[in-house]
Amino acid sequence: MAEETVLGHLEHNQEIPDSGVFSQEKGINHDELVNVIKSLNGFGLVIAADIKREKWLLSDEAQSYVKYGSAEVLIFEAVPAEGTAKAKLQDIVKSKLPADLDDNTKSLIYDKGWAQAMKNKWIGLADSQVSQKVEHVEDRVKDLLIQIQNGEAVGAKDIDALKRRRLISLQIWKGYSVKKGPNYAPKRRKAVTDLVRDHLQRDEWKDIEFKEYNFLAKGQPTEGGCLHPLYKVKLQIQMIFLQMGFEEMPTNNYVESSFWNFDALFQPQQHPARDSHDTFFLKVPSTTNSLPEEYVERVKTVHESGGYGSRGYGYDWKREEANKNLLRTHTTAVSTRMLYALAQGPFTPKRYYSIDRVFRNEAVDRTHLAEFHQIEGLICDRGLSLGHLRGVLEDFFSRIGMSKLKFKPAYNPYTEPSMEIFSYHEGLKKWVEIGNSGMFRPEMLRPMGLPEDVQVIAWGLSLERPTMILYGIDNIRDLFGHKVDLSLTKRNPICRLGLN
């Protein structure tokens, strides 16, 4: 109806000067009329020009002032010439106010009127007695509000004073003036998208108006799968390991026994890392029944009394402690299995790597998770030394863009010597710890059956830390875990590790 009214009016008139007036004359809701004008303007049937009018609206409190007088004048007029006790004044004011006002409104008028009358110095208070300080007052607030209600102009200073008292608020009215457009027609013809058989059979195609095709419009975005940043970095690091001649270790067992995770690594059973507050132990199945017995006995002996140049730890090693099942705390448990398997046949030098999940019972914060990924590399060969380890580390880390390295001596139960690895971070302008490294101890290697002239060099780091640096993420929970925004996988660049 509104569309036909607008187009029909313009057929006999040059324009609609004001959509607000037009809506009142035709009995059309103005919001509905505005929507129609916008639609017609978009198709070029009309040309619409904006109209904006500002109008001050009176609050409910201001409307009561127009009706009954301002609060401060009501207070002044309630004070008799001889004065009155302040305790009685509120009752006098309420008695003069109309009965249709509730008690809360009357109390509000009294409180505001008292404060304003005191501010204007119309009344005074001495010894709990209220008296008039002037003979006569004009209700200027009421007069200003009536002027605004009638659409008359009011000075800026008075407007500001009324605004501060929250008696008025500005309303901006928006409408349109409307003229015929270049595509004007008394009735809009509905454009069709496609030519169909019915149009041809009924001979309607001659008079049909077709929608224009927008050949520059983009299609719907595809909803294909996307790679997570961790996976991208993992793939590139895998490629670096493969380029360096490493082969991947099978890391599909998240559950390990304490024997492979700790004991076989010459880590004592009273070590703090083996406590429940650092490790997730399984309830079902709580223990393993499958361990190589001869190897277990050799590990037990080296723990209790040493061997291979070591004194051991000198404690009673307990089989039940070694049988406990847990979620692996490091992928070195896998390295232990691989080295033991390697020792069961004729020795062959090997280069192994793994990248997979590990689990630790840690408090979750910006830099720590209870579940994360560990990158590990090791080389098993004859005649290896600390110099070989440093050379391999410099080669490996240079391939992932970390050419400035420093090494710091460290302690680890299963490596000696051990080194922490630091890289200089150009963005942070400081040295940042990136991993740990060392040479596996004879107490770990010889019980496996590896020859005495065979050494193993190894290093490890987390996958999350380089990924956070590469993608500018400062909270690990935004990268991995149940709180990750899935759109992160759709909005991240390719990983450039190893591409330079």
# chains A, B, ... in the order shown; residues from 1 in each chain; ligands from 1

$ residues_around --residues "Val36 in chain A" --least-positions-apart "3" --cutoff "7 Å" --atoms "only C-alpha atoms" --output "number ranges by chain"
A: 2-3, 32-33, 39-40

$ write_last_selection --atoms "all heavy atoms" --output "mmCIF file, in the first residue's frame"
data_model
loop_
_atom_site.group_PDB
_atom_site.id
_atom_site.type_symbol
_atom_site.label_atom_id
_atom_site.label_comp_id
_atom_site.auth_asym_id
_atom_site.auth_seq_id
_atom_site.Cartn_x
_atom_site.Cartn_y
_atom_site.Cartn_z
ATOM 1 N N ALA A 2 1.880 1.290 0.839
ATOM 2 C CA ALA A 2 2.727 2.479 0.933
ATOM 3 C C ALA A 2 3.440 2.745 -0.381
ATOM 4 O O ALA A 2 3.572 3.907 -0.809
ATOM 5 C CB ALA A 2 3.736 2.306 2.064
ATOM 6 N N GLU A 3 3.907 1.687 -1.065
ATOM 7 C CA GLU A 3 4.613 1.871 -2.337
ATOM 8 C C GLU A 3 3.698 2.458 -3.397
ATOM 9 O O GLU A 3 4.078 3.400 -4.109
ATOM 10 C CB GLU A 3 5.180 0.525 -2.794
ATOM 11 C CG GLU A 3 5.983 0.625 -4.088
ATOM 12 C CD GLU A 3 6.669 -0.680 -4.444
ATOM 13 O OE1 GLU A 3 7.370 -1.238 -3.582
ATOM 14 O OE2 GLU A 3 6.500 -1.135 -5.595
ATOM 15 N N GLU A 32 7.367 2.321 8.083
ATOM 16 C CA GLU A 32 7.037 1.538 6.878
ATOM 17 C C GLU A 32 7.291 2.372 5.623
ATOM 18 O O GLU A 32 7.849 1.878 4.626
ATOM 19 C CB GLU A 32 5.570 1.094 6.937
ATOM 20 C CG GLU A 32 5.135 0.282 5.724
ATOM 21 C CD GLU A 32 3.641 -0.018 5.725
ATOM 22 O OE1 GLU A 32 2.968 0.307 6.727
ATOM 23 O OE2 GLU A 32 3.157 -0.550 4.714
ATOM 24 N N LEU A 33 6.920 3.639 5.681
ATOM 25 C CA LEU A 33 7.115 4.526 4.543
ATOM 26 C C LEU A 33 8.598 4.715 4.231
ATOM 27 O O LEU A 33 9.016 4.718 3.064
ATOM 28 C CB LEU A 33 6.460 5.885 4.828
ATOM 29 C CG LEU A 33 6.552 6.929 3.714
ATOM 30 C CD1 LEU A 33 5.823 6.451 2.463
ATOM 31 C CD2 LEU A 33 5.978 8.272 4.182
ATOM 32 N N SER A 39 13.785 1.415 -0.629
ATOM 33 C CA SER A 39 13.740 0.390 -1.670
ATOM 34 C C SER A 39 13.571 1.021 -3.050
ATOM 35 O O SER A 39 14.278 0.667 -3.997
ATOM 36 C CB SER A 39 12.604 -0.587 -1.378
ATOM 37 O OG SER A 39 12.462 -1.523 -2.408
ATOM 38 N N LEU A 40 12.640 1.964 -3.177
ATOM 39 C CA LEU A 40 12.403 2.623 -4.461
ATOM 40 C C LEU A 40 13.628 3.433 -4.899
ATOM 41 O O LEU A 40 13.965 3.477 -6.088
ATOM 42 C CB LEU A 40 11.184 3.542 -4.359
ATOM 43 C CG LEU A 40 9.831 2.848 -4.112
ATOM 44 C CD1 LEU A 40 8.737 3.892 -3.860
ATOM 45 C CD2 LEU A 40 9.460 1.970 -5.309
#

$ select_by_dssp --residues "range 65-158 of chain A" --states "alpha helix (DSSP H)" --output "JSON, numbers by chain"
{"A": [65, 66, 67, 68, 71, 72, 73, 74, 75, 76, 77, 78, 86, 87, 88, 89, 90, 91, 92, 93, 94, 95, 96, 103, 104, 105, 106, 107, 108, 109, 110, 111, 112, 113, 114, 115, 116, 117, 118, 119, 140, 141, 142, 143, 144, 145, 146, 147, 148, 149, 156, 157, 158]}

$ residues_around --residues "His12 in chain A" --least-positions-apart "3" --cutoff "12 Å" --atoms "only C-alpha atoms" --output "PyMOL selection string"
chain A and resi 5-9+15-16+179-180+185-186

$ write_last_selection --atoms "all heavy atoms" --output "PDB file, in the first residue's frame"
ATOM      1  N   THR A   5       1.068   4.216  -2.895  1.00  0.00           N
ATOM      2  CA  THR A   5       0.713   5.592  -2.504  1.00  0.00           C
ATOM      3  C   THR A   5       1.806   6.570  -2.912  1.00  0.00           C
ATOM      4  O   THR A   5       1.520   7.655  -3.442  1.00  0.00           O
ATOM      5  CB  THR A   5       0.492   5.662  -0.982  1.00  0.00           C
ATOM      6  OG1 THR A   5      -0.511   4.726  -0.601  1.00  0.00           O
ATOM      7  CG2 THR A   5       0.060   7.059  -0.570  1.00  0.00           C
ATOM      8  N   VAL A   6       3.074   6.197  -2.692  1.00  0.00           N
ATOM      9  CA  VAL A   6       4.193   7.083  -3.051  1.00  0.00           C
ATOM     10  C   VAL A   6       4.262   7.266  -4.560  1.00  0.00           C
ATOM     11  O   VAL A   6       4.339   8.399  -5.070  1.00  0.00           O
ATOM     12  CB  VAL A   6       5.515   6.506  -2.509  1.00  0.00           C
ATOM     13  CG1 VAL A   6       6.705   7.284  -3.066  1.00  0.00           C
ATOM     14  CG2 VAL A   6       5.538   6.539  -0.995  1.00  0.00           C
ATOM     15  N   LEU A   7       4.255   6.156  -5.315  1.00  0.00           N
ATOM     16  CA  LEU A   7       4.380   6.244  -6.775  1.00  0.00           C
ATOM     17  C   LEU A   7       3.164   6.947  -7.390  1.00  0.00           C
ATOM     18  O   LEU A   7       3.293   7.742  -8.341  1.00  0.00           O
ATOM     19  CB  LEU A   7       4.541   4.842  -7.370  1.00  0.00           C
ATOM     20  CG  LEU A   7       5.831   4.098  -6.980  1.00  0.00           C
ATOM     21  CD1 LEU A   7       5.826   2.678  -7.521  1.00  0.00           C
ATOM     22  CD2 LEU A   7       7.057   4.857  -7.484  1.00  0.00           C
ATOM     23  N   GLY A   8       1.960   6.673  -6.836  1.00  0.00           N
ATOM     24  CA  GLY A   8       0.756   7.332  -7.345  1.00  0.00           C
ATOM     25  C   GLY A   8       0.774   8.835  -7.086  1.00  0.00           C
ATOM     26  O   GLY A   8       0.336   9.637  -7.934  1.00  0.00           O
ATOM     27  N   HIS A   9       1.267   9.260  -5.922  1.00  0.00           N
ATOM     28  CA  HIS A   9       1.333  10.689  -5.616  1.00  0.00           C
ATOM     29  C   HIS A   9       2.305  11.403  -6.558  1.00  0.00           C
ATOM     30  O   HIS A   9       2.011  12.517  -7.041  1.00  0.00           O
ATOM     31  CB  HIS A   9       1.773  10.877  -4.168  1.00  0.00           C
ATOM     32  CG  HIS A   9       1.829  12.305  -3.736  1.00  0.00           C
ATOM     33  ND1 HIS A   9       0.735  12.978  -3.235  1.00  0.00           N
ATOM     34  CD2 HIS A   9       2.865  13.217  -3.736  1.00  0.00           C
ATOM     35  CE1 HIS A   9       1.073  14.215  -2.943  1.00  0.00           C
ATOM     36  NE2 HIS A   9       2.372  14.384  -3.233  1.00  0.00           N
ATOM     37  N   GLU A  15       6.946  16.340  -6.214  1.00  0.00           N
ATOM     38  CA  GLU A  15       7.718  15.754  -5.121  1.00  0.00           C
ATOM     39  C   GLU A  15       6.859  15.555  -3.877  1.00  0.00           C
ATOM     40  O   GLU A  15       5.731  16.037  -3.788  1.00  0.00           O
ATOM     41  CB  GLU A  15       8.915  16.631  -4.768  1.00  0.00           C
ATOM     42  CG  GLU A  15       8.548  17.960  -4.135  1.00  0.00           C
ATOM     43  CD  GLU A  15       9.760  18.722  -3.641  1.00  0.00           C
ATOM     44  OE1 GLU A  15      10.789  18.087  -3.342  1.00  0.00           O
ATOM     45  OE2 GLU A  15       9.658  19.955  -3.527  1.00  0.00           O
ATOM     46  N   ILE A  16       7.432  14.819  -2.945  1.00  0.00           N
ATOM     47  CA  ILE A  16       6.905  14.713  -1.582  1.00  0.00           C
ATOM     48  C   ILE A  16       7.889  15.475  -0.708  1.00  0.00           C
ATOM     49  O   ILE A  16       8.992  14.996  -0.441  1.00  0.00           O
ATOM     50  CB  ILE A  16       6.810  13.237  -1.136  1.00  0.00           C
ATOM     51  CG1 ILE A  16       5.846  12.470  -2.044  1.00  0.00           C
ATOM     52  CG2 ILE A  16       6.365  13.135   0.318  1.00  0.00           C
ATOM     53  CD1 ILE A  16       5.823  10.971  -1.782  1.00  0.00           C
ATOM     54  N   LYS A 179      11.587  12.745  -4.902  1.00  0.00           N
ATOM     55  CA  LYS A 179      11.271  13.164  -6.271  1.00  0.00           C
ATOM     56  C   LYS A 179      11.316  11.957  -7.193  1.00  0.00           C
ATOM     57  O   LYS A 179      11.804  10.893  -6.807  1.00  0.00           O
ATOM     58  CB  LYS A 179      12.279  14.217  -6.756  1.00  0.00           C
ATOM     59  CG  LYS A 179      12.259  15.517  -5.974  1.00  0.00           C
ATOM     60  CD  LYS A 179      13.283  16.488  -6.551  1.00  0.00           C
ATOM     61  CE  LYS A 179      13.290  17.803  -5.777  1.00  0.00           C
ATOM     62  NZ  LYS A 179      14.297  18.754  -6.310  1.00  0.00           N
ATOM     63  N   LYS A 180      10.809  12.155  -8.423  1.00  0.00           N
ATOM     64  CA  LYS A 180      10.865  11.065  -9.404  1.00  0.00           C
ATOM     65  C   LYS A 180      12.318  10.750  -9.750  1.00  0.00           C
ATOM     66  O   LYS A 180      13.143  11.658  -9.891  1.00  0.00           O
ATOM     67  CB  LYS A 180      10.123  11.457 -10.673  1.00  0.00           C
ATOM     68  CG  LYS A 180       8.620  11.586 -10.504  1.00  0.00           C
ATOM     69  CD  LYS A 180       7.970  11.985 -11.830  1.00  0.00           C
ATOM     70  CE  LYS A 180       6.460  12.147 -11.652  1.00  0.00           C
ATOM     71  NZ  LYS A 180       5.813  12.579 -12.925  1.00  0.00           N
ATOM     72  N   ALA A 185       8.262   4.873 -12.642  1.00  0.00           N
ATOM     73  CA  ALA A 185       7.076   4.319 -13.287  1.00  0.00           C
ATOM     74  C   ALA A 185       5.966   4.328 -12.259  1.00  0.00           C
ATOM     75  O   ALA A 185       6.222   4.191 -11.063  1.00  0.00           O
ATOM     76  CB  ALA A 185       7.341   2.901 -13.789  1.00  0.00           C
ATOM     77  N   PRO A 186       4.715   4.524 -12.691  1.00  0.00           N
ATOM     78  CA  PRO A 186       3.608   4.558 -11.717  1.00  0.00           C
ATOM     79  C   PRO A 186       3.474   3.259 -10.926  1.00  0.00           C
ATOM     80  O   PRO A 186       2.918   3.249  -9.822  1.00  0.00           O
ATOM     81  CB  PRO A 186       2.375   4.798 -12.587  1.00  0.00           C
ATOM     82  CG  PRO A 186       2.908   5.383 -13.850  1.00  0.00           C
ATOM     83  CD  PRO A 186       4.262   4.795 -14.052  1.00  0.00           C
TER      84      PRO A 186
END

$ closest_residue --among "A:Arg399, A:Lys86, A:Lys106, A:Arg166" --to "Trp56 in chain A" --atoms "only C-alpha atoms"
A:Arg166

$ select_by_dssp --residues "range 219-288 of chain A" --states "strand (DSSP E or B)" --output "NGL selection string"
:A and (247-248 or 255-257 or 281 or 287)

$ atom_distance --atom1 "CA of Glu426 in chain A" --atom2 "CA of Asp478 in chain A"
23.0 Å

$ residues_around --residues "Ile379 in chain A" --least-positions-apart "2" --cutoff "7 Å" --atoms "only C-alpha atoms" --output "number ranges by chain"
A: 350-352, 381, 456-458

$ write_last_selection --atoms "all heavy atoms" --output "CSV table (one decimal), in the first residue's frame"
chain,number,residue,atom,x,y,z
A,350,LYS,N,71.6,-45.2,13.8
A,350,LYS,CA,70.2,-44.7,13.5
A,350,LYS,C,70.1,-43.2,13.9
A,350,LYS,O,70.7,-42.7,14.8
A,350,LYS,CB,69.2,-45.5,14.3
A,350,LYS,CG,69.0,-47.0,13.8
A,350,LYS,CD,68.3,-47.0,12.5
A,350,LYS,CE,68.0,-48.4,12.0
A,350,LYS,NZ,67.3,-48.4,10.8
A,351,ARG,N,69.1,-42.6,13.1
A,351,ARG,CA,68.7,-41.2,13.5
A,351,ARG,C,67.2,-41.3,13.6
A,351,ARG,O,66.5,-41.6,12.6
A,351,ARG,CB,69.1,-40.2,12.4
A,351,ARG,CG,70.6,-40.0,12.2
A,351,ARG,CD,70.9,-39.0,11.2
A,351,ARG,NE,72.3,-38.7,11.1
A,351,ARG,CZ,72.8,-37.5,10.8
A,351,ARG,NH1,72.0,-36.5,10.4
A,351,ARG,NH2,74.1,-37.3,10.7
A,352,TYR,N,66.7,-41.0,14.8
A,352,TYR,CA,65.2,-41.1,15.0
A,352,TYR,C,64.7,-39.7,15.4
A,352,TYR,O,65.4,-38.9,16.0
A,352,TYR,CB,64.9,-42.0,16.2
A,352,TYR,CG,65.2,-43.5,15.9
A,352,TYR,CD1,66.0,-44.3,16.8
A,352,TYR,CD2,64.6,-44.1,14.8
A,352,TYR,CE1,66.2,-45.6,16.6
A,352,TYR,CE2,64.8,-45.5,14.6
A,352,TYR,CZ,65.6,-46.2,15.5
A,352,TYR,OH,65.8,-47.6,15.2
A,381,ASP,N,75.1,-43.7,17.4
A,381,ASP,CA,76.3,-44.1,16.5
A,381,ASP,C,77.5,-44.2,17.4
A,381,ASP,O,77.5,-43.9,18.6
A,381,ASP,CB,76.5,-43.0,15.5
A,381,ASP,CG,77.2,-43.5,14.2
A,381,ASP,OD1,77.7,-44.7,14.3
A,381,ASP,OD2,77.2,-42.8,13.2
A,456,VAL,N,74.7,-42.0,22.3
A,456,VAL,CA,73.4,-41.4,21.8
A,456,VAL,C,73.4,-39.9,22.2
A,456,VAL,O,73.5,-39.6,23.4
A,456,VAL,CB,72.2,-42.1,22.3
A,456,VAL,CG1,70.9,-41.5,21.8
A,456,VAL,CG2,72.2,-43.6,22.0
A,457,ILE,N,73.2,-39.1,21.2
A,457,ILE,CA,73.0,-37.6,21.5
A,457,ILE,C,71.5,-37.3,21.2
A,457,ILE,O,70.9,-37.9,20.3
A,457,ILE,CB,73.9,-36.7,20.7
A,457,ILE,CG1,73.7,-37.0,19.1
A,457,ILE,CG2,75.3,-36.9,21.1
A,457,ILE,CD1,74.6,-36.1,18.3
A,458,ALA,N,70.9,-36.5,22.0
A,458,ALA,CA,69.4,-36.2,21.9
A,458,ALA,C,69.1,-34.8,22.3
A,458,ALA,O,69.8,-34.2,23.0
A,458,ALA,CB,68.6,-37.2,22.7

$ residues_around --residues "Glu420 in chain A" --least-positions-apart "4" --cutoff "8 Å" --atoms "only C-alpha atoms" --output "JSON, numbers by chain"
{"A": [407, 408, 409, 410, 433, 434, 435, 436, 437]}

$ write_last_selection --atoms "N, CA, C and O atoms" --output "CSV table (one decimal), in the first residue's frame"
chain,number,residue,atom,x,y,z
A,407,PHE,N,74.4,-22.2,24.8
A,407,PHE,CA,74.1,-23.4,25.6
A,407,PHE,C,74.5,-23.2,27.0
A,407,PHE,O,75.5,-22.6,27.3
A,408,LYS,N,73.7,-23.8,27.9
A,408,LYS,CA,74.0,-23.6,29.3
A,408,LYS,C,74.0,-25.0,30.0
A,408,LYS,O,73.1,-25.8,29.8
A,409,PRO,N,75.0,-25.3,30.8
A,409,PRO,CA,75.0,-26.6,31.5
A,409,PRO,C,73.7,-26.8,32.3
A,409,PRO,O,73.2,-25.9,32.9
A,410,ALA,N,73.3,-28.1,32.4
A,410,ALA,CA,72.0,-28.4,33.1
A,410,ALA,C,72.2,-29.8,33.7
A,410,ALA,O,73.1,-30.5,33.4
A,433,GLU,N,64.8,-19.5,26.2
A,433,GLU,CA,65.1,-21.0,26.3
A,433,GLU,C,64.1,-21.7,25.3
A,433,GLU,O,62.9,-21.5,25.3
A,434,ILE,N,64.7,-22.6,24.5
A,434,ILE,CA,63.9,-23.2,23.4
A,434,ILE,C,63.9,-24.7,23.6
A,434,ILE,O,63.1,-25.4,22.9
A,435,GLY,N,64.8,-25.3,24.4
A,435,GLY,CA,64.8,-26.8,24.5
A,435,GLY,C,65.9,-27.3,25.4
A,435,GLY,O,66.7,-26.5,26.0
A,436,ASN,N,66.0,-28.6,25.5
A,436,ASN,CA,67.0,-29.3,26.3
A,436,ASN,C,67.8,-30.3,25.4
A,436,ASN,O,67.2,-30.8,24.5
A,437,SER,N,69.0,-30.7,25.8
A,437,SER,CA,69.7,-31.6,25.1
A,437,SER,C,70.7,-32.3,26.0
A,437,SER,O,71.0,-31.9,27.1

$ closest_residue --among "A:Arg360, A:Lys163, A:Arg197, A:Trp317" --to "Asp263 in chain A" --atoms "only C-alpha atoms"
A:Trp317

$ closest_residue --among "A:Phe372, A:Trp205, A:Tyr414, A:Tyr231" --to "Arg328 in chain A" --atoms "only C-alpha atoms"
A:Phe372

$ residues_around --residues "Tyr68 in chain A" --least-positions-apart "2" --cutoff "12 Å" --atoms "only C-alpha atoms" --output "compact mmCIF listing (two decimals) with C-alpha atoms, in the first residue's frame"
# COMPACT_ATOMS: atom_id res chain seq x y z
CA GLU A 61 9.51 14.85 35.73
CA ALA A 62 9.55 17.89 33.42
CA GLN A 63 5.97 17.21 32.32
CA SER A 64 4.89 17.23 35.97
CA TYR A 65 6.67 20.61 36.36
CA VAL A 66 4.68 21.98 33.40
CA SER A 70 8.78 23.29 39.31
CA ALA A 71 9.84 21.49 42.48
CA GLU A 72 11.82 24.45 43.85
CA VAL A 73 8.85 26.81 43.45
CA LEU A 74 6.55 24.32 45.16
CA ILE A 75 8.98 24.20 48.10
CA VAL A 93 4.48 20.14 50.30
CA LYS A 96 -0.30 20.86 48.22
CA LEU A 97 0.55 18.33 45.49
CA PRO A 98 -2.29 16.62 43.55
CA ALA A 99 -3.69 13.45 45.06
CA ASP A 100 -3.08 11.45 41.86
CA LEU A 101 0.70 11.52 42.50
CA LYS A 106 5.99 13.39 45.98
CA ILE A 109 9.77 16.33 44.10
CA ASP A 139 8.95 29.84 37.96
CA VAL A 141 11.98 26.44 34.80
CA LYS A 142 8.27 25.90 34.14
CA ASP A 143 8.22 28.77 31.61
CA ILE A 146 6.47 25.24 28.22

$ residues_around --residues "Phe280 in chain A" --least-positions-apart "6" --cutoff "12 Å" --atoms "only C-alpha atoms" --output "list of chain:residue names"
A:Tyr254, A:Val255, A:Glu256, A:Ser257, A:Ser258, A:Ala273, A:Arg274, A:Ser286, A:Lys324, A:Asn325, A:Leu326, A:Leu327, A:Arg328, A:Thr329, A:Val358, A:Phe359, A:Arg360, A:Asn361, A:Glu362, A:Ala370, A:Glu371

$ write_last_selection --atoms "N, CA, C and O atoms" --output "CSV table (one decimal), in the first residue's frame"
chain,number,residue,atom,x,y,z
A,254,TYR,N,49.8,-43.5,23.9
A,254,TYR,CA,49.8,-42.5,24.9
A,254,TYR,C,50.1,-43.0,26.3
A,254,TYR,O,50.6,-42.4,27.1
A,255,VAL,N,49.7,-44.3,26.5
A,255,VAL,CA,49.8,-44.9,27.8
A,255,VAL,C,51.1,-45.7,27.8
A,255,VAL,O,51.4,-46.5,26.9
A,256,GLU,N,51.9,-45.4,28.9
A,256,GLU,CA,53.2,-46.1,29.0
A,256,GLU,C,53.3,-46.7,30.5
A,256,GLU,O,52.6,-46.2,31.3
A,257,SER,N,54.2,-47.6,30.7
A,257,SER,CA,54.4,-48.0,32.0
A,257,SER,C,55.5,-47.1,32.6
A,257,SER,O,56.3,-46.5,31.9
A,258,SER,N,55.5,-47.1,33.9
A,258,SER,CA,56.5,-46.3,34.6
A,258,SER,C,57.9,-46.8,34.3
A,258,SER,O,58.9,-46.0,34.3
A,273,ALA,N,59.4,-36.0,39.9
A,273,ALA,CA,58.6,-36.0,38.6
A,273,ALA,C,57.6,-37.2,38.6
A,273,ALA,O,56.6,-37.3,37.9
A,274,ARG,N,57.9,-38.2,39.5
A,274,ARG,CA,57.1,-39.4,39.5
A,274,ARG,C,56.0,-39.3,40.5
A,274,ARG,O,55.2,-40.3,40.7
A,286,SER,N,45.7,-50.3,35.9
A,286,SER,CA,46.7,-49.6,36.7
A,286,SER,C,48.1,-50.0,36.6
A,286,SER,O,49.0,-49.3,36.8
A,324,LYS,N,53.5,-49.5,37.2
A,324,LYS,CA,52.4,-48.6,37.2
A,324,LYS,C,52.2,-48.0,35.8
A,324,LYS,O,53.2,-47.5,35.2
A,325,ASN,N,51.0,-47.9,35.3
A,325,ASN,CA,50.7,-47.3,34.1
A,325,ASN,C,50.4,-45.8,34.2
A,325,ASN,O,49.8,-45.4,35.2
A,326,LEU,N,50.8,-45.1,33.2
A,326,LEU,CA,50.6,-43.6,33.2
A,326,LEU,C,50.5,-43.1,31.8
A,326,LEU,O,50.7,-43.8,30.8
A,327,LEU,N,50.0,-41.8,31.7
A,327,LEU,CA,50.1,-41.1,30.5
A,327,LEU,C,51.5,-40.6,30.3
A,327,LEU,O,52.0,-39.9,31.2
A,328,ARG,N,52.1,-40.9,29.2
A,328,ARG,CA,53.6,-40.6,29.1
A,328,ARG,C,53.8,-39.1,29.3
A,328,ARG,O,53.1,-38.2,28.8
A,329,THR,N,54.9,-38.8,30.0
A,329,THR,CA,55.2,-37.4,30.3
A,329,THR,C,56.2,-36.9,29.3
A,329,THR,O,56.5,-35.7,29.3
A,358,VAL,N,52.3,-35.3,24.8
A,358,VAL,CA,52.7,-35.8,26.1
A,358,VAL,C,51.8,-35.1,27.1
A,358,VAL,O,51.1,-34.1,26.8
A,359,PHE,N,51.8,-35.6,28.3
A,359,PHE,CA,50.8,-35.2,29.4
A,359,PHE,C,51.5,-35.0,30.7
A,359,PHE,O,52.3,-35.9,31.2
A,360,ARG,N,51.3,-33.9,31.3
A,360,ARG,CA,51.8,-33.6,32.7
A,360,ARG,C,50.8,-32.9,33.5
A,360,ARG,O,50.0,-32.1,33.1
A,361,ASN,N,50.8,-33.3,34.8
A,361,ASN,CA,49.8,-32.8,35.7
A,361,ASN,C,50.2,-31.4,36.2
A,361,ASN,O,50.6,-31.2,37.3
A,362,GLU,N,50.1,-30.4,35.3
A,362,GLU,CA,50.5,-29.1,35.6
A,362,GLU,C,49.4,-28.1,35.7
A,362,GLU,O,48.3,-28.3,35.0
A,370,ALA,N,48.3,-29.0,30.4
A,370,ALA,CA,48.5,-30.4,30.9
A,370,ALA,C,48.7,-31.3,29.8
A,370,ALA,O,49.1,-32.5,30.0
A,371,GLU,N,48.4,-30.9,28.6
A,371,GLU,CA,48.6,-31.7,27.4
A,371,GLU,C,49.2,-30.9,26.3
A,371,GLU,O,48.7,-29.8,25.9

$ decode --residues "range 324-332 of chain A" --atoms "N, CA, C and O atoms" --output "short mmCIF file (atom, residue, chain, number, x, y, z; two decimals), in the first residue's frame"
data_model
loop_
_atom_site.label_atom_id
_atom_site.label_comp_id
_atom_site.auth_asym_id
_atom_site.auth_seq_id
_atom_site.Cartn_x
_atom_site.Cartn_y
_atom_site.Cartn_z
N LYS A 324 53.50 -49.52 37.25
CA LYS A 324 52.38 -48.57 37.21
C LYS A 324 52.22 -47.96 35.81
O LYS A 324 53.18 -47.53 35.19
N ASN A 325 50.96 -47.92 35.35
CA ASN A 325 50.67 -47.31 34.05
C ASN A 325 50.40 -45.82 34.21
O ASN A 325 49.82 -45.38 35.22
N LEU A 326 50.77 -45.06 33.19
CA LEU A 326 50.61 -43.60 33.24
C LEU A 326 50.46 -43.06 31.82
O LEU A 326 50.70 -43.76 30.84
N LEU A 327 50.01 -41.80 31.74
CA LEU A 327 50.07 -41.09 30.46
C LEU A 327 51.49 -40.56 30.31
O LEU A 327 52.00 -39.88 31.21
N ARG A 328 52.14 -40.89 29.20
CA ARG A 328 53.56 -40.58 29.07
C ARG A 328 53.82 -39.10 29.29
O ARG A 328 53.09 -38.23 28.81
N THR A 329 54.88 -38.82 30.03
CA THR A 329 55.24 -37.43 30.34
C THR A 329 56.23 -36.86 29.33
O THR A 329 56.47 -35.66 29.32
N HIS A 330 56.81 -37.72 28.49
CA HIS A 330 57.71 -37.27 27.43
C HIS A 330 57.80 -38.37 26.37
O HIS A 330 57.55 -39.55 26.65
N THR A 331 58.15 -37.98 25.15
CA THR A 331 58.30 -38.98 24.09
C THR A 331 59.61 -39.74 24.21
O THR A 331 59.86 -40.67 23.43
N THR A 332 60.46 -39.38 25.19
CA THR A 332 61.69 -40.14 25.42
C THR A 332 61.38 -41.57 25.83
O THR A 332 62.22 -42.47 25.67
#
